[in-house]
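J.: Structure: protein_20.txt, compact mmCIF, C-alpha atoms and all ligand atoms.
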# COMPACT_ATOMS: atom_id res chain seq x y z
CA MET Y 1 0.00 0.00 0.00
CA ALA Y 2 1.43 3.38 -1.00
CA MET Y 3 2.13 5.79 1.84
CA SER Y 4 0.33 9.06 1.31
CA ARG Y 5 0.03 12.19 3.37
CA LYS Y 6 -3.29 13.13 4.88
CA VAL Y 7 -5.31 15.58 2.80
CA THR Y 8 -6.41 18.48 5.02
CA LYS Y 9 -6.65 21.42 2.60
CA ALA Y 10 -9.16 22.07 -0.13
CA VAL Y 11 -9.39 24.76 -2.78
CA PHE Y 12 -12.77 26.03 -3.92
CA PRO Y 13 -12.47 27.99 -7.17
CA VAL Y 14 -15.38 30.43 -6.92
CA ALA Y 15 -14.20 33.38 -8.99
CA GLY Y 16 -16.44 32.72 -12.03
CA LEU Y 17 -18.93 35.34 -13.13
CA GLY Y 18 -21.81 32.90 -13.39
CA THR Y 19 -22.99 34.48 -16.62
CA ARG Y 20 -25.22 31.49 -17.38
CA PHE Y 21 -27.40 32.57 -14.48
CA LEU Y 22 -27.75 36.24 -15.33
CA PRO Y 23 -29.56 38.32 -14.28
CA ALA Y 24 -29.59 36.52 -10.89
CA THR Y 25 -25.80 36.57 -10.68
CA LYS Y 26 -25.73 40.33 -11.22
CA SER Y 27 -25.95 40.70 -7.46
CA ILE Y 28 -25.48 37.23 -5.94
CA PRO Y 29 -22.56 34.89 -6.46
CA LYS Y 30 -23.82 31.73 -8.15
CA GLU Y 31 -22.35 29.67 -5.29
CA ILE Y 32 -24.97 31.22 -2.99
CA MET Y 33 -27.79 30.01 -5.22
CA SER Y 34 -29.62 27.30 -3.30
CA LEU Y 35 -30.91 23.81 -3.78
CA VAL Y 36 -34.06 23.96 -1.67
CA ASP Y 37 -32.54 26.06 1.14
CA ARG Y 38 -28.82 25.31 1.16
CA PRO Y 39 -26.41 27.27 -1.03
CA LEU Y 40 -24.33 25.29 -3.51
CA ILE Y 41 -21.21 26.22 -1.55
CA GLN Y 42 -22.67 24.62 1.59
CA TYR Y 43 -22.94 21.26 -0.17
CA ALA Y 44 -19.30 21.59 -1.21
CA ILE Y 45 -18.17 22.51 2.31
CA ASP Y 46 -20.16 19.66 3.89
CA GLU Y 47 -18.59 17.21 1.47
CA ALA Y 48 -15.10 18.51 2.24
CA ARG Y 49 -15.68 18.33 6.00
CA ALA Y 50 -16.90 14.74 5.70
CA ALA Y 51 -13.64 13.91 3.92
CA GLY Y 52 -11.52 15.31 6.77
CA ILE Y 53 -10.67 18.70 5.24
CA GLU Y 54 -9.72 21.29 7.87
CA GLU Y 55 -8.58 24.26 5.80
CA PHE Y 56 -10.82 25.74 3.14
CA ILE Y 57 -9.31 28.07 0.56
CA PHE Y 58 -11.71 30.08 -1.56
CA VAL Y 59 -10.38 31.62 -4.74
CA THR Y 60 -12.76 34.50 -5.30
CA SER Y 61 -13.08 37.65 -7.37
CA ARG Y 62 -14.70 41.07 -7.16
CA GLY Y 63 -18.39 40.93 -6.29
CA LYS Y 64 -18.19 37.76 -4.18
CA GLY Y 65 -18.54 39.51 -0.81
CA ALA Y 66 -21.79 37.67 -0.08
CA LEU Y 67 -19.80 34.44 0.12
CA GLU Y 68 -17.64 35.83 2.92
CA ASP Y 69 -20.72 37.09 4.76
CA TYR Y 70 -22.35 33.69 4.42
CA PHE Y 71 -19.55 32.07 6.40
CA ASP Y 72 -19.40 34.84 9.01
CA SER Y 73 -21.21 34.50 12.32
CA ALA Y 74 -24.67 36.12 12.43
CA PRO Y 75 -25.01 37.32 16.06
CA VAL Y 76 -28.17 39.41 15.58
CA LEU Y 77 -29.95 36.63 13.74
CA GLU Y 78 -28.86 34.08 16.35
CA ALA Y 79 -29.95 36.29 19.25
CA THR Y 80 -33.35 36.79 17.62
CA LEU Y 81 -33.85 33.07 17.07
CA LYS Y 82 -32.74 32.34 20.63
CA ALA Y 83 -35.17 34.90 22.06
CA LYS Y 84 -37.97 33.24 20.11
CA ASN Y 85 -36.88 29.74 21.14
CA LYS Y 86 -36.41 28.66 17.53
CA THR Y 87 -34.02 25.86 18.42
CA ASP Y 88 -34.40 24.01 15.11
CA LEU Y 89 -33.38 27.03 13.09
CA LEU Y 90 -30.52 27.77 15.47
CA ASN Y 91 -29.26 24.24 14.91
CA VAL Y 92 -29.50 24.74 11.14
CA LEU Y 93 -27.36 27.87 11.49
CA GLN Y 94 -24.87 26.28 13.86
CA ASP Y 95 -24.33 23.38 11.46
CA THR Y 96 -22.82 25.87 9.05
CA ASP Y 97 -20.39 27.37 11.60
CA MET Y 98 -16.75 27.20 10.63
CA ASP Y 99 -13.80 27.51 13.02
CA SER Y 100 -12.21 30.94 13.07
CA GLY Y 101 -9.35 30.86 10.61
CA ALA Y 102 -10.52 27.72 8.84
CA ILE Y 103 -11.46 29.64 5.69
CA ALA Y 104 -9.07 31.77 3.68
CA TYR Y 105 -10.08 33.98 0.77
CA ILE Y 106 -7.74 34.72 -2.10
CA ARG Y 107 -8.52 36.91 -5.05
CA GLN Y 108 -7.93 35.78 -8.59
CA ARG Y 109 -7.28 39.13 -10.22
CA GLU Y 110 -7.89 37.98 -13.77
CA ALA Y 111 -10.09 35.19 -15.15
CA LEU Y 112 -7.25 33.20 -16.72
CA GLY Y 113 -8.67 29.71 -16.23
CA LEU Y 114 -9.21 26.99 -13.63
CA GLY Y 115 -5.51 26.11 -13.50
CA HIS Y 116 -4.65 29.70 -12.73
CA ALA Y 117 -7.34 29.90 -10.04
CA VAL Y 118 -5.87 26.89 -8.24
CA TRP Y 119 -2.33 28.27 -8.69
CA CYS Y 120 -3.42 31.47 -6.91
CA ALA Y 121 -3.71 29.36 -3.72
CA ARG Y 122 -0.17 27.94 -3.99
CA ARG Y 123 1.32 29.78 -1.00
CA LEU Y 124 -1.39 28.56 1.33
CA LEU Y 125 -1.19 25.03 -0.02
CA GLY Y 126 2.55 24.66 0.48
CA ASN Y 127 4.10 21.28 -0.13
CA GLU Y 128 1.15 19.03 0.72
CA PRO Y 129 -1.41 17.09 -1.26
CA PHE Y 130 -4.67 19.00 -1.51
CA ALA Y 131 -8.22 18.65 -2.78
CA VAL Y 132 -10.03 20.81 -5.32
CA ILE Y 133 -13.82 20.99 -5.31
CA LEU Y 134 -15.82 22.73 -8.03
CA PRO Y 135 -19.08 23.70 -6.29
CA ASP Y 136 -20.97 23.67 -9.61
CA ASP Y 137 -20.71 19.89 -9.57
CA VAL Y 138 -23.06 18.75 -6.82
CA ILE Y 139 -22.79 15.05 -6.07
CA ALA Y 140 -25.44 13.22 -4.06
CA GLY Y 141 -24.47 9.86 -2.68
CA LYS Y 142 -24.51 7.69 0.43
CA LYS Y 143 -20.83 8.28 0.99
CA PRO Y 144 -19.70 11.78 -0.01
CA CYS Y 145 -17.64 11.73 -3.22
CA LEU Y 146 -14.52 13.36 -1.81
CA GLN Y 147 -14.45 10.88 1.06
CA GLN Y 148 -14.55 8.02 -1.46
CA MET Y 149 -11.66 9.68 -3.28
CA VAL Y 150 -9.59 10.18 -0.13
CA GLU Y 151 -9.95 6.46 0.54
CA ALA Y 152 -8.88 5.67 -3.03
CA TYR Y 153 -5.95 8.08 -2.70
CA GLU Y 154 -4.79 6.37 0.49
CA ASN Y 155 -4.24 3.27 -1.65
CA THR Y 156 -2.85 4.86 -4.79
CA GLY Y 157 -1.02 8.04 -3.77
CA GLY Y 158 -0.46 10.23 -6.83
CA ASN Y 159 -3.25 12.33 -8.29
CA VAL Y 160 -6.88 11.20 -8.23
CA VAL Y 161 -9.59 12.87 -10.32
CA ALA Y 162 -13.31 12.09 -10.12
CA ALA Y 163 -14.53 10.51 -13.34
CA MET Y 164 -17.81 9.64 -14.98
CA GLU Y 165 -18.88 8.26 -18.34
CA VAL Y 166 -20.64 10.91 -20.46
CA PRO Y 167 -22.29 10.65 -23.88
CA LYS Y 168 -19.57 10.95 -26.52
CA GLU Y 169 -21.07 14.13 -27.97
CA MET Y 170 -20.57 15.81 -24.57
CA THR Y 171 -16.80 15.35 -24.32
CA SER Y 172 -16.22 18.93 -25.49
CA SER Y 173 -17.56 20.15 -22.12
CA TYR Y 174 -15.08 18.16 -20.02
CA GLY Y 175 -11.56 17.06 -19.37
CA VAL Y 176 -11.36 13.54 -20.81
CA LEU Y 177 -9.18 10.62 -19.71
CA ASP Y 178 -7.09 8.35 -21.90
CA ILE Y 179 -7.21 5.07 -20.02
CA GLN Y 180 -4.08 3.00 -19.44
CA GLU Y 181 -5.60 0.27 -17.29
CA ASP Y 182 -9.22 -0.09 -16.25
CA MET Y 183 -9.42 -1.60 -12.78
CA GLY Y 184 -13.14 -1.02 -12.18
CA ALA Y 185 -13.75 1.99 -9.96
CA LEU Y 186 -10.17 3.07 -10.49
CA VAL Y 187 -8.45 3.62 -13.83
CA SER Y 188 -4.82 4.51 -14.40
CA VAL Y 189 -4.41 7.29 -16.90
CA LYS Y 190 -1.98 7.68 -19.80
CA GLY Y 191 -3.36 10.95 -21.16
CA MET Y 192 -5.79 13.77 -20.36
CA VAL Y 193 -7.31 16.22 -22.81
CA GLU Y 194 -9.33 19.33 -21.97
CA LYS Y 195 -12.60 19.69 -23.86
CA PRO Y 196 -11.85 17.55 -26.93
CA LYS Y 197 -14.32 17.31 -29.80
CA ALA Y 198 -16.12 13.96 -29.83
CA GLU Y 199 -14.00 12.71 -32.73
CA ASP Y 200 -10.75 13.57 -30.93
CA ALA Y 201 -11.72 12.31 -27.47
CA PRO Y 202 -9.60 9.40 -26.22
CA SER Y 203 -12.62 7.95 -24.35
CA ASN Y 204 -15.93 9.10 -22.92
CA LEU Y 205 -14.63 9.02 -19.34
CA ALA Y 206 -14.91 12.64 -18.22
CA VAL Y 207 -13.32 14.48 -15.31
CA ILE Y 208 -15.84 15.76 -12.77
CA GLY Y 209 -15.07 18.60 -10.37
CA ARG Y 210 -13.31 16.74 -7.55
CA TYR Y 211 -9.56 16.32 -7.44
CA ILE Y 212 -6.88 15.17 -5.02
CA LEU Y 213 -3.61 16.58 -6.27
CA THR Y 214 0.07 16.48 -5.47
CA PRO Y 215 1.84 19.80 -4.89
CA ASP Y 216 3.86 19.19 -8.09
CA VAL Y 217 0.72 20.12 -10.04
CA LEU Y 218 1.11 23.66 -8.68
CA LYS Y 219 4.68 23.85 -9.97
CA ASN Y 220 3.43 22.70 -13.38
CA LEU Y 221 1.20 25.78 -13.40
CA ASP Y 222 4.08 28.19 -12.74
CA ASP Y 223 4.76 28.78 -16.44
CA HIS Y 224 1.16 29.88 -17.08
CA SER Y 225 1.05 28.04 -20.38
CA LYS Y 226 -2.32 28.27 -22.06
CA GLY Y 227 -4.38 25.35 -23.28
CA ALA Y 228 -7.92 24.79 -24.57
CA GLY Y 229 -9.89 28.00 -25.01
CA GLY Y 230 -6.73 30.06 -24.41
CA GLU Y 231 -7.05 29.35 -20.66
CA ILE Y 232 -4.54 28.06 -18.14
CA GLN Y 233 -5.97 24.58 -17.68
CA LEU Y 234 -5.80 22.44 -14.54
CA THR Y 235 -6.17 19.37 -16.76
CA ASP Y 236 -2.87 20.14 -18.55
CA ALA Y 237 -1.00 20.63 -15.26
CA ILE Y 238 -2.31 17.29 -13.96
CA ALA Y 239 -1.46 15.55 -17.24
CA LYS Y 240 2.20 16.52 -16.72
CA GLU Y 241 2.22 14.25 -13.66
CA ILE Y 242 1.24 11.11 -15.57
CA ASP Y 243 4.83 9.86 -15.84
CA ARG Y 244 5.87 11.32 -12.49
CA SER Y 245 3.57 11.05 -9.48
CA GLY Y 246 0.87 9.21 -11.47
CA VAL Y 247 -2.75 10.04 -12.32
CA TYR Y 248 -5.85 7.96 -11.62
CA GLY Y 249 -9.47 8.42 -12.56
CA PHE Y 250 -11.99 7.37 -9.95
CA ARG Y 251 -15.54 6.37 -10.89
CA PHE Y 252 -17.36 7.59 -7.78
CA GLU Y 253 -20.67 6.26 -6.53
CA GLY Y 254 -23.37 8.90 -6.57
CA GLN Y 255 -25.46 11.12 -8.77
CA ARG Y 256 -23.75 14.20 -10.16
CA TYR Y 257 -25.69 17.33 -11.06
CA ASP Y 258 -24.14 20.00 -13.27
CA CYS Y 259 -25.37 23.05 -11.40
CA GLY Y 260 -23.36 25.25 -13.72
CA SER Y 261 -26.11 24.72 -16.28
CA LYS Y 262 -29.75 25.74 -15.92
CA SER Y 263 -31.01 22.30 -16.77
CA GLY Y 264 -28.68 20.56 -14.29
CA TYR Y 265 -29.56 23.08 -11.61
CA LEU Y 266 -33.28 22.45 -12.11
CA GLN Y 267 -32.76 18.69 -12.02
CA ALA Y 268 -30.83 19.03 -8.76
CA THR Y 269 -33.56 21.22 -7.30
CA VAL Y 270 -36.18 18.59 -8.06
CA ALA Y 271 -34.03 15.72 -6.76
CA PHE Y 272 -33.05 17.49 -3.54
CA GLY Y 273 -36.64 18.67 -3.03
CA LEU Y 274 -37.92 15.11 -3.34
CA ALA Y 275 -35.24 13.93 -0.90
CA ARG Y 276 -36.72 16.10 1.86
CA ASP Y 277 -39.24 14.25 4.02
CA GLU Y 278 -41.14 17.42 4.83
CA LEU Y 279 -41.58 18.32 1.16
CA ARG Y 280 -41.80 15.02 -0.69
CA ASP Y 281 -45.54 14.27 -0.71
CA GLU Y 282 -46.78 17.68 -1.70
CA PHE Y 283 -43.97 18.26 -4.19
CA LEU Y 284 -44.42 14.86 -5.82
CA SER Y 285 -48.13 15.30 -6.28
CA PHE Y 286 -47.46 18.74 -7.82
CA LEU Y 287 -44.87 17.25 -10.19
CA ASN Y 288 -47.22 14.44 -11.19
CA ASP Y 289 -49.93 16.97 -11.94
CA ILE Y 290 -47.88 19.29 -14.10
CA VAL Y 291 -46.28 16.42 -15.94
CA ALA Y 292 -49.70 14.83 -16.61
CA LEU Y 293 -51.11 18.12 -17.82
CA GLY Y 294 -47.93 19.17 -19.62
CA LYS Y 295 -48.49 22.52 -17.99
CA ALA Y 296 -45.84 25.21 -17.70
CA ALA Y 297 -45.85 28.38 -15.59
CA GLU Y 298 -47.28 31.26 -17.56
C1 LIG U 301 -13.83 22.15 -15.54
C2 LIG U 301 -12.58 21.40 -15.95
C3 LIG U 301 -12.95 20.16 -16.77
C4 LIG U 301 -13.91 19.29 -15.98
C5 LIG U 301 -15.15 20.12 -15.56
C6 LIG U 301 -16.03 19.30 -14.63
O1 LIG U 301 -14.43 22.69 -16.70
O2 LIG U 301 -11.75 22.27 -16.71
O3 LIG U 301 -11.78 19.42 -17.05
O4 LIG U 301 -14.31 18.20 -16.77
O5 LIG U 301 -14.76 21.31 -14.85
O6 LIG U 301 -17.19 19.98 -14.30
P1 LIG U 301 -15.55 23.86 -16.64
O7 LIG U 301 -16.85 23.16 -16.43
O8 LIG U 301 -15.17 24.74 -15.49
O9 LIG U 301 -15.46 24.55 -17.96
As structure tokens, how would this structure be written, given the file I've shared?
Ligand code: G1P
T.:
Amino acid sequence: MAMSRKVTKAVFPVAGLGTRFLPATKSIPKEIMSLVDRPLIQYAIDEARAAGIEEFIFVTSRGKGALEDYFDSAPVLEATLKAKNKTDLLNVLQDTDMDSGAIAYIRQREALGLGHAVWCARRLLGNEPFAVILPDDVIAGKKPCLQQMVEAYENTGGNVVAAMEVPKEMTSSYGVLDIQEDMGALVSVKGMVEKPKAEDAPSNLAVIGRYILTPDVLKNLDDHSKGAGGEIQLTDAIAKEIDRSGVYGFRFEGQRYDCGSKSGYLQATVAFGLARDELRDEFLSFLNDIVALGKAAE
């Protein structure tokens, strides 16, 4: 069994403009948009905590102040709830509490790509393995995805990226893995391509927004070389580790929702709504009705 260092730091790249959700994202960061009543970023944080992450590094940009406020304490709100004996709501709030100093915010001054966003966190990451979580990818599952990956990483060492089969015509939206050896949940990787056209894709096994990376990946980003779409790509920096520290794809168990797209966000809203005991019956009967009638909101 390979010896690997414990993963205690995670980077959350949250600098994107969220243009696909305009006009909503004119004044709220898309990571604050909620599935039922929990912001997307809360799902990402909960998943990281379940995987043993202790330090949370947000790479933000101008206009993301609401994210910092979200993770701040809310003394007036708490005092009001306490005075009214709203213990349930107080518990909901306290579940989101983070230790002082557990979250760091770093600004990405220019939108140069995902690789660049992660590189912006290099000084805080130091010389340790770290996780990256893209909050747009919400993954529901019995065991949180990152926890599954940490367990896989404890066996493999090297770099582990979450992976999922996608329809071939969708490869141009993802990083795509060239498989060396398919071992079931785990695959060893001999190549990685960012957003290839279907005809150029080495497989249909796509990278999903969860990574456990070696610090060498950060060094590979130092030269700021540009890849697909003229952006500094994380995929390219990971690919450079294939013949060094090694790269593995990990087929996680769970349902992934692409909350960076309107359709994926709506699907997640329905799924997470149905998963709530207090909402299920009424919501399901509503869904059955509108589906039967083919009725849309006017
Ligand atoms: C990013 C990565 C891509 C990955 C995807 C997963 O792309 O660059 O390799 O497959 O996340 O969601 P983005 O969706 O930010 O364009």
J.: Separation of atom CA of Y:Ala15 and atom CA of Y:Val59, in Å?
T.: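 Calculated distance between atom CA of Y:Ala15 and atom CA of Y:Val59 is 6.0 Å.
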J.: Please check which protein, DNA or RNA residues sit within 10 Å of ligand LIG 301 (chain U), counting all atoms listed in the file, and write them as a VMD selection string.
T.: chain Y and resid 13 16 113 to 115 133 to 138 161 to 164 171 to 177 192 to 195 205 to 210 228 to 229 231 to 236 256 to 261
J.: Show me, as a ChimeraX atom specification, the residues that have an atom within 10 Å of Y:Phe272 when counting all atoms listed in the file, minus same-chain residues fewer than 5 positions from it.
T.: /Y:35-37,140,266-267,279-280
J.: Could you tell me how far atom CA of Y:Tyr211 lies from atom CA of Y:Ala237, in Å and to one decimal?
T.: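 Atom CA of Y:Ala237 lies at a distance of 12.4 Å from atom CA of Y:Tyr211.
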J.: Please compute the atom CA of Y:Val291-atom CA of Y:Val270 distance, one decimal, in Å.
T.: 13.0 Å
J.: Do you know which residues are at most 9 Å from Y:Ile139 counting all atoms listed in the file, after dropping those on the same chain fewer than 4 positions away, and could you put them as number ranges by chain?
T.: Y: 43-44, 47, 144-145, 254-258
